[in-house]
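Asker: Okay, so here is work.txt, and as you'll see once you scroll down, it has compact mmCIF, C-alpha atoms and all ligand atoms.
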# COMPACT_ATOMS: atom_id res chain seq x y z
CA MET A 1 35.21 -13.82 -2.75
CA LYS A 2 34.81 -10.04 -2.80
CA LYS A 3 31.92 -8.57 -0.87
CA ILE A 4 29.42 -6.28 -2.59
CA VAL A 5 26.99 -4.29 -0.49
CA VAL A 6 24.01 -2.76 -2.31
CA LEU A 7 21.78 -0.14 -0.67
CA THR A 8 18.46 0.24 -2.47
CA GLY A 9 15.56 2.67 -2.16
CA ALA A 10 12.13 3.10 -3.68
CA GLY A 11 13.67 3.94 -7.10
CA ILE A 12 14.63 0.32 -7.84
CA SER A 13 10.98 -0.75 -7.61
CA ALA A 14 9.59 2.26 -9.53
CA GLU A 15 9.68 0.40 -12.85
CA SER A 16 7.82 -2.51 -11.24
CA GLY A 17 4.96 -0.04 -10.79
CA LEU A 18 5.55 0.90 -7.11
CA LYS A 19 5.64 4.66 -6.67
CA THR A 20 8.50 6.49 -4.90
CA PHE A 21 8.02 9.36 -2.44
CA ARG A 22 10.16 11.91 -4.15
CA ASP A 23 8.46 11.57 -7.51
CA SER A 24 5.11 12.27 -5.85
CA ASP A 25 6.04 15.44 -3.95
CA GLY A 26 6.66 13.74 -0.62
CA LEU A 27 3.25 12.10 -0.67
CA TRP A 28 2.79 8.34 -0.60
CA GLU A 29 -0.04 7.31 -2.92
CA GLY A 30 -1.71 10.65 -2.18
CA TYR A 31 -1.30 10.51 1.62
CA ASN A 32 0.88 12.60 3.92
CA VAL A 33 3.24 10.17 5.64
CA GLU A 34 2.26 11.68 9.01
CA ASP A 35 -1.29 10.41 8.44
CA VAL A 36 -0.39 6.81 7.63
CA ALA A 37 3.22 6.00 8.58
CA THR A 38 3.73 7.14 12.18
CA PRO A 39 2.87 5.65 15.59
CA GLU A 40 0.64 8.72 16.18
CA ALA A 41 -1.37 7.95 13.06
CA TRP A 42 -1.90 4.38 14.31
CA GLN A 43 -3.09 5.72 17.68
CA ARG A 44 -5.40 8.21 16.00
CA ASN A 45 -6.89 6.09 13.25
CA PRO A 46 -5.72 2.46 13.19
CA LYS A 47 -8.36 1.49 10.63
CA LEU A 48 -7.07 4.03 8.10
CA VAL A 49 -3.45 2.94 8.63
CA GLN A 50 -4.35 -0.75 8.34
CA GLU A 51 -6.29 -0.09 5.14
CA PHE A 52 -3.43 2.00 3.70
CA TYR A 53 -0.95 -0.86 4.17
CA ASN A 54 -3.49 -3.41 2.93
CA GLN A 55 -3.68 -1.47 -0.32
CA ARG A 56 0.13 -1.19 -0.54
CA ARG A 57 0.40 -4.97 0.10
CA LYS A 58 -2.12 -5.68 -2.64
CA THR A 59 -0.08 -3.60 -5.10
CA VAL A 60 3.18 -5.26 -4.03
CA LEU A 61 1.72 -8.75 -4.47
CA GLU A 62 0.53 -7.80 -7.97
CA ALA A 63 3.96 -6.38 -8.92
CA SER A 64 6.89 -8.38 -10.28
CA PRO A 65 10.63 -7.92 -9.86
CA ASN A 66 12.21 -6.03 -12.75
CA VAL A 67 15.51 -6.61 -14.55
CA ALA A 68 17.36 -4.48 -11.96
CA HIS A 69 16.28 -6.74 -9.07
CA LYS A 70 17.15 -9.80 -11.16
CA ALA A 71 20.55 -8.46 -12.25
CA LEU A 72 21.57 -7.86 -8.62
CA ALA A 73 20.77 -11.53 -7.92
CA GLU A 74 23.11 -12.56 -10.78
CA LEU A 75 26.00 -10.84 -9.00
CA GLU A 76 25.95 -13.79 -6.56
CA GLN A 77 27.59 -15.93 -9.29
CA LYS A 78 30.86 -14.17 -8.54
CA TYR A 79 30.46 -12.13 -5.35
CA ASP A 80 29.30 -12.35 -1.76
CA VAL A 81 26.33 -9.96 -2.04
CA THR A 82 24.31 -8.29 0.71
CA ILE A 83 21.31 -6.20 -0.29
CA ILE A 84 20.30 -3.60 2.27
CA THR A 85 16.92 -2.25 1.24
CA GLN A 86 14.81 0.59 2.54
CA ASN A 87 11.90 -0.88 0.61
CA ILE A 88 9.08 -2.72 2.27
CA ASP A 89 8.32 -4.77 -0.85
CA ASP A 90 9.70 -8.28 -1.37
CA LEU A 91 10.91 -7.80 -4.95
CA HIS A 92 14.59 -8.49 -4.17
CA GLU A 93 13.68 -11.87 -2.72
CA ARG A 94 11.40 -12.70 -5.64
CA GLY A 95 14.13 -11.47 -8.01
CA GLY A 96 16.41 -14.18 -6.62
CA SER A 97 18.65 -12.40 -4.10
CA GLY A 98 19.73 -14.66 -1.23
CA LYS A 99 20.74 -12.16 1.45
CA VAL A 100 18.37 -9.22 1.89
CA LEU A 101 18.32 -7.03 4.96
CA HIS A 102 15.10 -5.03 5.28
CA LEU A 103 15.87 -1.82 7.15
CA HIS A 104 12.25 -0.68 7.24
CA GLY A 105 10.52 -4.05 7.56
CA ILE A 106 8.55 -6.00 4.97
CA ILE A 107 4.89 -5.54 4.15
CA THR A 108 4.19 -9.25 3.62
CA ARG A 109 4.56 -9.83 7.38
CA SER A 110 2.56 -8.54 10.33
CA GLN A 111 3.82 -7.54 13.77
CA SER A 112 2.36 -7.22 17.23
CA ASP A 113 1.64 -3.62 18.22
CA LYS A 114 2.94 -4.49 21.72
CA ASN A 115 6.19 -6.20 20.74
CA ALA A 116 7.91 -5.46 17.41
CA ASN A 117 9.89 -8.71 17.66
CA LEU A 118 6.73 -10.77 17.24
CA THR A 119 6.23 -10.99 13.47
CA TYR A 120 4.16 -13.38 11.36
CA PRO A 121 3.60 -14.12 7.64
CA ILE A 122 0.37 -12.69 6.19
CA LYS A 123 -1.75 -14.89 3.95
CA GLY A 124 -2.96 -12.81 0.99
CA TRP A 125 -3.19 -9.03 0.99
CA GLU A 126 -5.53 -8.21 3.84
CA LEU A 127 -4.72 -7.80 7.52
CA LYS A 128 -7.95 -7.24 9.43
CA MET A 129 -8.71 -5.26 12.57
CA GLY A 130 -9.37 -7.86 15.25
CA GLU A 131 -6.53 -10.15 14.11
CA LEU A 132 -4.39 -10.53 17.21
CA CYS A 133 -0.83 -11.57 18.09
CA GLU A 134 -0.05 -14.27 20.67
CA LEU A 135 -0.11 -11.57 23.40
CA GLY A 136 -3.67 -10.71 22.43
CA SER A 137 -2.92 -7.32 20.89
CA GLN A 138 -3.74 -6.03 17.39
CA LEU A 139 -1.54 -7.00 14.45
CA ARG A 140 -0.20 -4.22 12.20
CA ALA A 141 2.05 -4.23 9.15
CA HIS A 142 5.69 -5.16 9.88
CA VAL A 143 7.11 -1.81 8.78
CA VAL A 144 9.22 0.78 10.56
CA TRP A 145 7.26 4.01 10.82
CA PHE A 146 8.72 7.51 10.92
CA GLY A 147 9.71 8.18 14.53
CA GLU A 148 10.31 4.49 15.32
CA ALA A 149 13.69 2.87 15.98
CA VAL A 150 15.39 1.06 13.08
CA PRO A 151 16.48 -2.21 14.72
CA MET A 152 18.52 -3.45 11.73
CA ILE A 153 20.66 -0.32 11.42
CA GLU A 154 23.66 -1.67 13.38
CA GLU A 155 23.80 -4.87 11.38
CA ALA A 156 23.52 -2.81 8.18
CA ALA A 157 26.35 -0.51 9.28
CA LYS A 158 28.58 -3.56 9.96
CA GLU A 159 27.88 -4.86 6.44
CA CYS A 160 28.81 -1.47 4.97
CA MET A 161 32.11 -1.45 6.89
CA MET A 162 33.06 -4.81 5.34
CA ALA A 163 32.23 -3.90 1.73
CA ASP A 164 34.82 -4.26 -1.04
CA ILE A 165 32.43 -2.63 -3.52
CA PHE A 166 29.38 -0.48 -2.68
CA ILE A 167 26.38 0.24 -4.91
CA LEU A 168 23.53 2.67 -4.21
CA VAL A 169 20.36 2.38 -6.32
CA GLY A 170 17.29 4.63 -6.37
CA SER A 171 17.41 6.43 -3.04
CA SER A 172 17.10 10.16 -2.43
CA LEU A 173 19.21 9.72 0.74
CA ALA A 174 16.65 11.88 2.53
CA VAL A 175 15.52 9.35 5.14
CA TYR A 176 17.75 8.81 8.20
CA PRO A 177 19.36 6.75 9.65
CA ALA A 178 19.42 4.79 6.36
CA ALA A 179 21.06 7.66 4.46
CA GLY A 180 23.94 7.74 6.96
CA LEU A 181 24.98 4.18 6.00
CA VAL A 182 27.08 5.48 3.09
CA ASN A 183 29.41 7.02 5.70
CA TYR A 184 30.30 3.55 7.06
CA VAL A 185 31.73 2.39 3.73
CA PRO A 186 35.55 2.67 3.86
CA ARG A 187 36.97 5.56 1.81
CA GLN A 188 39.05 3.52 -0.64
CA VAL A 189 36.12 1.22 -1.60
CA PRO A 190 34.77 1.77 -5.15
CA LYS A 191 31.27 3.23 -4.91
CA TYR A 192 28.63 3.40 -7.63
CA ILE A 193 25.28 5.15 -7.74
CA VAL A 194 22.48 4.37 -10.20
CA ASP A 195 19.72 7.00 -10.28
CA PRO A 196 18.19 9.04 -13.13
CA LYS A 197 18.38 12.11 -10.82
CA ILE A 198 21.54 11.76 -8.72
CA PRO A 199 20.83 13.09 -5.19
CA TYR A 200 23.13 15.56 -3.48
CA MET A 201 26.09 13.61 -2.08
CA PRO A 202 27.82 15.35 0.81
CA SER A 203 31.18 13.59 0.58
CA ASP A 204 33.17 10.89 -1.14
CA LYS A 205 33.48 10.16 -4.80
CA PHE A 206 30.76 8.01 -6.33
CA ILE A 207 30.92 6.70 -9.88
CA LYS A 208 27.65 8.08 -11.22
CA ILE A 209 25.43 6.10 -13.56
CA GLU A 210 22.67 8.57 -14.35
CA GLU A 211 20.13 6.05 -15.62
CA LYS A 212 16.94 4.34 -14.55
CA ALA A 213 17.55 1.18 -12.54
CA THR A 214 16.45 -1.18 -15.34
CA VAL A 215 19.10 0.32 -17.62
CA GLY A 216 21.94 1.22 -15.23
CA VAL A 217 21.93 -1.81 -12.93
CA PRO A 218 22.21 -4.52 -15.64
CA LEU A 219 25.03 -2.48 -17.27
CA LEU A 220 26.95 -2.23 -14.01
CA VAL A 221 26.32 -5.88 -13.13
CA SER A 222 27.66 -7.14 -16.47
CA GLU A 223 30.75 -4.92 -16.00
CA LEU A 224 31.33 -6.36 -12.51
CA LEU A 225 30.77 -9.96 -13.68
CA ASN A 226 33.29 -9.50 -16.50
CA ASP A 227 35.87 -7.88 -14.23
P1 LIG A 301 12.60 8.39 -2.38
O1 LIG A 301 11.23 8.29 -2.92
O2 LIG A 301 12.90 9.44 -1.37
O3 LIG A 301 13.62 8.59 -3.58
C1 LIG A 301 13.53 7.80 -4.73
C2 LIG A 301 14.82 7.91 -5.52
O4 LIG A 301 14.70 7.00 -6.61
C3 LIG A 301 15.08 9.30 -6.10
O5 LIG A 301 16.45 9.64 -5.94
C4 LIG A 301 14.71 9.13 -7.58
O6 LIG A 301 15.48 9.97 -8.44
C5 LIG A 301 15.07 7.67 -7.81
N1 LIG A 301 14.36 7.02 -8.90
C6 LIG A 301 13.13 7.31 -9.42
N2 LIG A 301 12.85 6.47 -10.43
C7 LIG A 301 13.92 5.64 -10.54
C8 LIG A 301 14.24 4.56 -11.41
N3 LIG A 301 13.40 4.16 -12.38
N4 LIG A 301 15.44 3.94 -11.26
C9 LIG A 301 16.31 4.33 -10.29
N5 LIG A 301 16.06 5.36 -9.45
C10 LIG A 301 14.89 6.00 -9.59
O7 LIG A 301 12.95 6.93 -1.84
P2 LIG A 301 13.89 6.42 -0.66
O8 LIG A 301 15.19 7.14 -0.68
O9 LIG A 301 13.86 4.94 -0.75
O10 LIG A 301 13.17 6.88 0.69
C11 LIG A 301 11.78 6.79 0.84
C12 LIG A 301 11.24 5.89 1.94
O11 LIG A 301 9.98 5.43 1.43
C13 LIG A 301 12.01 4.62 2.22
O12 LIG A 301 12.19 4.59 3.59
C14 LIG A 301 11.09 3.46 1.81
O13 LIG A 301 10.93 2.57 2.91
C15 LIG A 301 9.74 4.07 1.57
N6 LIG A 301 9.08 3.63 0.32
C16 LIG A 301 9.17 2.32 -0.06
C17 LIG A 301 8.60 1.89 -1.25
C18 LIG A 301 8.73 0.42 -1.61
O14 LIG A 301 8.83 -0.42 -0.73
N7 LIG A 301 8.76 0.06 -2.92
C19 LIG A 301 7.91 2.79 -2.05
C20 LIG A 301 7.81 4.14 -1.63
C21 LIG A 301 8.41 4.54 -0.44
I need this file expressed as structure tokens, please.

Answerer:
Amino acid sequence: MKKIVVLTGAGISAESGLKTFRDSDGLWEGYNVEDVATPEAWQRNPKLVQEFYNQRRKTVLEASPNVAHKALAELEQKYDVTIITQNIDDLHERGGSGKVLHLHGIITRSQSDKNANLTYPIKGWELKMGELCELGSQLRAHVVWFGEAVPMIEEAAKECMMADIFILVGSSLAVYPAAGLVNYVPRQVPKYIVDPKIPYMPSDKFIKIEEKATVGVPLLVSELLND
């Protein structure tokens, strides 16, 4: 079975109603990322950060996977598929994909602010101040903030090295180390990109599908399933 590795960014969830960064001038729902998505922000104002992610979680729980998420799951009929996502939503899982690697964490889980390896499911949308991990420290959203290590990056790089086909969907390739993953895909491997505004690509030849995810991904998937 051929192996397909798909790297997704905020663009794949845009048509499910979850806003991207790039389309909102580098702001996230009106906030500077430095104020809500860094360890310094958490030190400064944990209540604000907790509330920000509570609101994001609420929106994610109300959203549904779109036809792009679902089409990627259909690829599993014929291929060994790994989704590497920069997204903190769970729409790939709810869209039916079996193997999803979350580079930046997942908002439906909490983590200890003392030990990032201690993570727990969250019931509902709200994580409250005062909810503690087993070590007795405050629980925060299980997301990788700017300035924090990306623990899954090595595993993701290994997946990219083993790809027979590579697909990039809806990422500006502006956030590192995630953006560097494309460099681990062997040269000869066919590479596709689906994005209505193709980002600047420093090297390699990508087959460009200049469409929104809900149009471009199902087209590409049916081509690959009929191959
Ligand atoms: P980005 O916002 O920097 O770039 C979004 C990309 O998606 C752009 O290239 C844009 O042209 C494209 N796009 C916009 N609408 C699209 C559509 N309908 N179909 C396909 N592509 C579309 O996003 P990024 O590269 O993922 O980096 C931003 C960071 O923000 C990530 O680390 C991610 O964790 C985080 N983020 C996550 C979510 C989420 O979980 N849904 C939402 C916003 C931001």

Asker: Within 8 Å of region 1-12 of chain A, counting all atoms listed in the file, which residues qualify if same-chain residues fewer than 6 places away don't, as a PDB file with C-alpha atoms, keeping the file's coordinate frame?

Answerer:
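Full text of around04.pdb as output:
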ATOM      1  CA  LEU A  18       5.550   0.900  -7.110  1.00  0.00           C
ATOM      2  CA  LYS A  19       5.640   4.660  -6.670  1.00  0.00           C
ATOM      3  CA  THR A  20       8.500   6.490  -4.900  1.00  0.00           C
ATOM      4  CA  PHE A  21       8.020   9.360  -2.440  1.00  0.00           C
ATOM      5  CA  ALA A  68      17.360  -4.480 -11.960  1.00  0.00           C
ATOM      6  CA  HIS A  69      16.280  -6.740  -9.070  1.00  0.00           C
ATOM      7  CA  LYS A  78      30.860 -14.170  -8.540  1.00  0.00           C
ATOM      8  CA  TYR A  79      30.460 -12.130  -5.350  1.00  0.00           C
ATOM      9  CA  ASP A  80      29.300 -12.350  -1.760  1.00  0.00           C
ATOM     10  CA  VAL A  81      26.330  -9.960  -2.040  1.00  0.00           C
ATOM     11  CA  THR A  82      24.310  -8.290   0.710  1.00  0.00           C
ATOM     12  CA  ILE A  83      21.310  -6.200  -0.290  1.00  0.00           C
ATOM     13  CA  ILE A  84      20.300  -3.600   2.270  1.00  0.00           C
ATOM     14  CA  THR A  85      16.920  -2.250   1.240  1.00  0.00           C
ATOM     15  CA  GLN A  86      14.810   0.590   2.540  1.00  0.00           C
ATOM     16  CA  ASN A  87      11.900  -0.880   0.610  1.00  0.00           C
ATOM     17  CA  GLU A 159      27.880  -4.860   6.440  1.00  0.00           C
ATOM     18  CA  CYS A 160      28.810  -1.470   4.970  1.00  0.00           C
ATOM     19  CA  MET A 162      33.060  -4.810   5.340  1.00  0.00           C
ATOM     20  CA  ALA A 163      32.230  -3.900   1.730  1.00  0.00           C
ATOM     21  CA  ASP A 164      34.820  -4.260  -1.040  1.00  0.00           C
ATOM     22  CA  ILE A 165      32.430  -2.630  -3.520  1.00  0.00           C
ATOM     23  CA  PHE A 166      29.380  -0.480  -2.680  1.00  0.00           C
ATOM     24  CA  ILE A 167      26.380   0.240  -4.910  1.00  0.00           C
ATOM     25  CA  LEU A 168      23.530   2.670  -4.210  1.00  0.00           C
ATOM     26  CA  VAL A 169      20.360   2.380  -6.320  1.00  0.00           C
ATOM     27  CA  GLY A 170      17.290   4.630  -6.370  1.00  0.00           C
ATOM     28  CA  SER A 171      17.410   6.430  -3.040  1.00  0.00           C
ATOM     29  CA  SER A 172      17.100  10.160  -2.430  1.00  0.00           C
ATOM     30  CA  ASP A 195      19.720   7.000 -10.280  1.00  0.00           C
ATOM     31  CA  ALA A 213      17.550   1.180 -12.540  1.00  0.00           C
ATOM     32  CA  THR A 214      16.450  -1.180 -15.340  1.00  0.00           C
TER      33      THR A 214
END

Asker: Please identify all polymer residues within 10 Å of Lys158 (chain A), counting only C-alpha atoms, omitting same-chain residues fewer than 5 positions from it, and present them as a short mmCIF file (atom, residue, chain, number, x, y, z; two decimals) with C-alpha atoms, in the coordinates of the input.

Answerer:
data_model
loop_
_atom_site.label_atom_id
_atom_site.label_comp_id
_atom_site.auth_asym_id
_atom_site.auth_seq_id
_atom_site.Cartn_x
_atom_site.Cartn_y
_atom_site.Cartn_z
CA ILE A 153 20.66 -0.32 11.42
CA ALA A 163 32.23 -3.90 1.73
CA LEU A 181 24.98 4.18 6.00
CA TYR A 184 30.30 3.55 7.06
CA VAL A 185 31.73 2.39 3.73
#

Asker: Taking all atoms listed in the file into account, which of A:Val221, A:Val194, A:Gln111, A:Ala149 comes nearest Lys208 (chain A)?

Answerer: A:Val194

Asker: Can you tell me how far CA of Glu223 (chain A) sits from CA of Ile209 (chain A), in Å to one decimal?

Answerer: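 Straight-line distance from CA of Glu223 (chain A) to CA of Ile209 (chain A) works out to 12.5 Å.
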
Asker: Choose the residue, out of A:Glu93, A:Glu76, A:Glu134, A:Glu29, that has the smallest atom-to-atom separation from ligand LIG 301 (chain A); count all atoms listed in the file.

Answerer: A:Glu29

Asker: Rounded to one decimal place, report the CA of Glu211 (chain A)-atom N1 of ligand LIG 301 (chain A) distance in Å.

Answerer: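 Taking CA of Glu211 (chain A) and atom N1 of ligand LIG 301 (chain A), their separation equals 8.9 Å.
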
Asker: Just give me the gap between atom C6 of ligand LIG 301 (chain A) and CA of Val175 (chain A) in Å, one decimal is fine.

Answerer: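 Atom C6 of ligand LIG 301 (chain A) sits 14.9 Å away from CA of Val175 (chain A).
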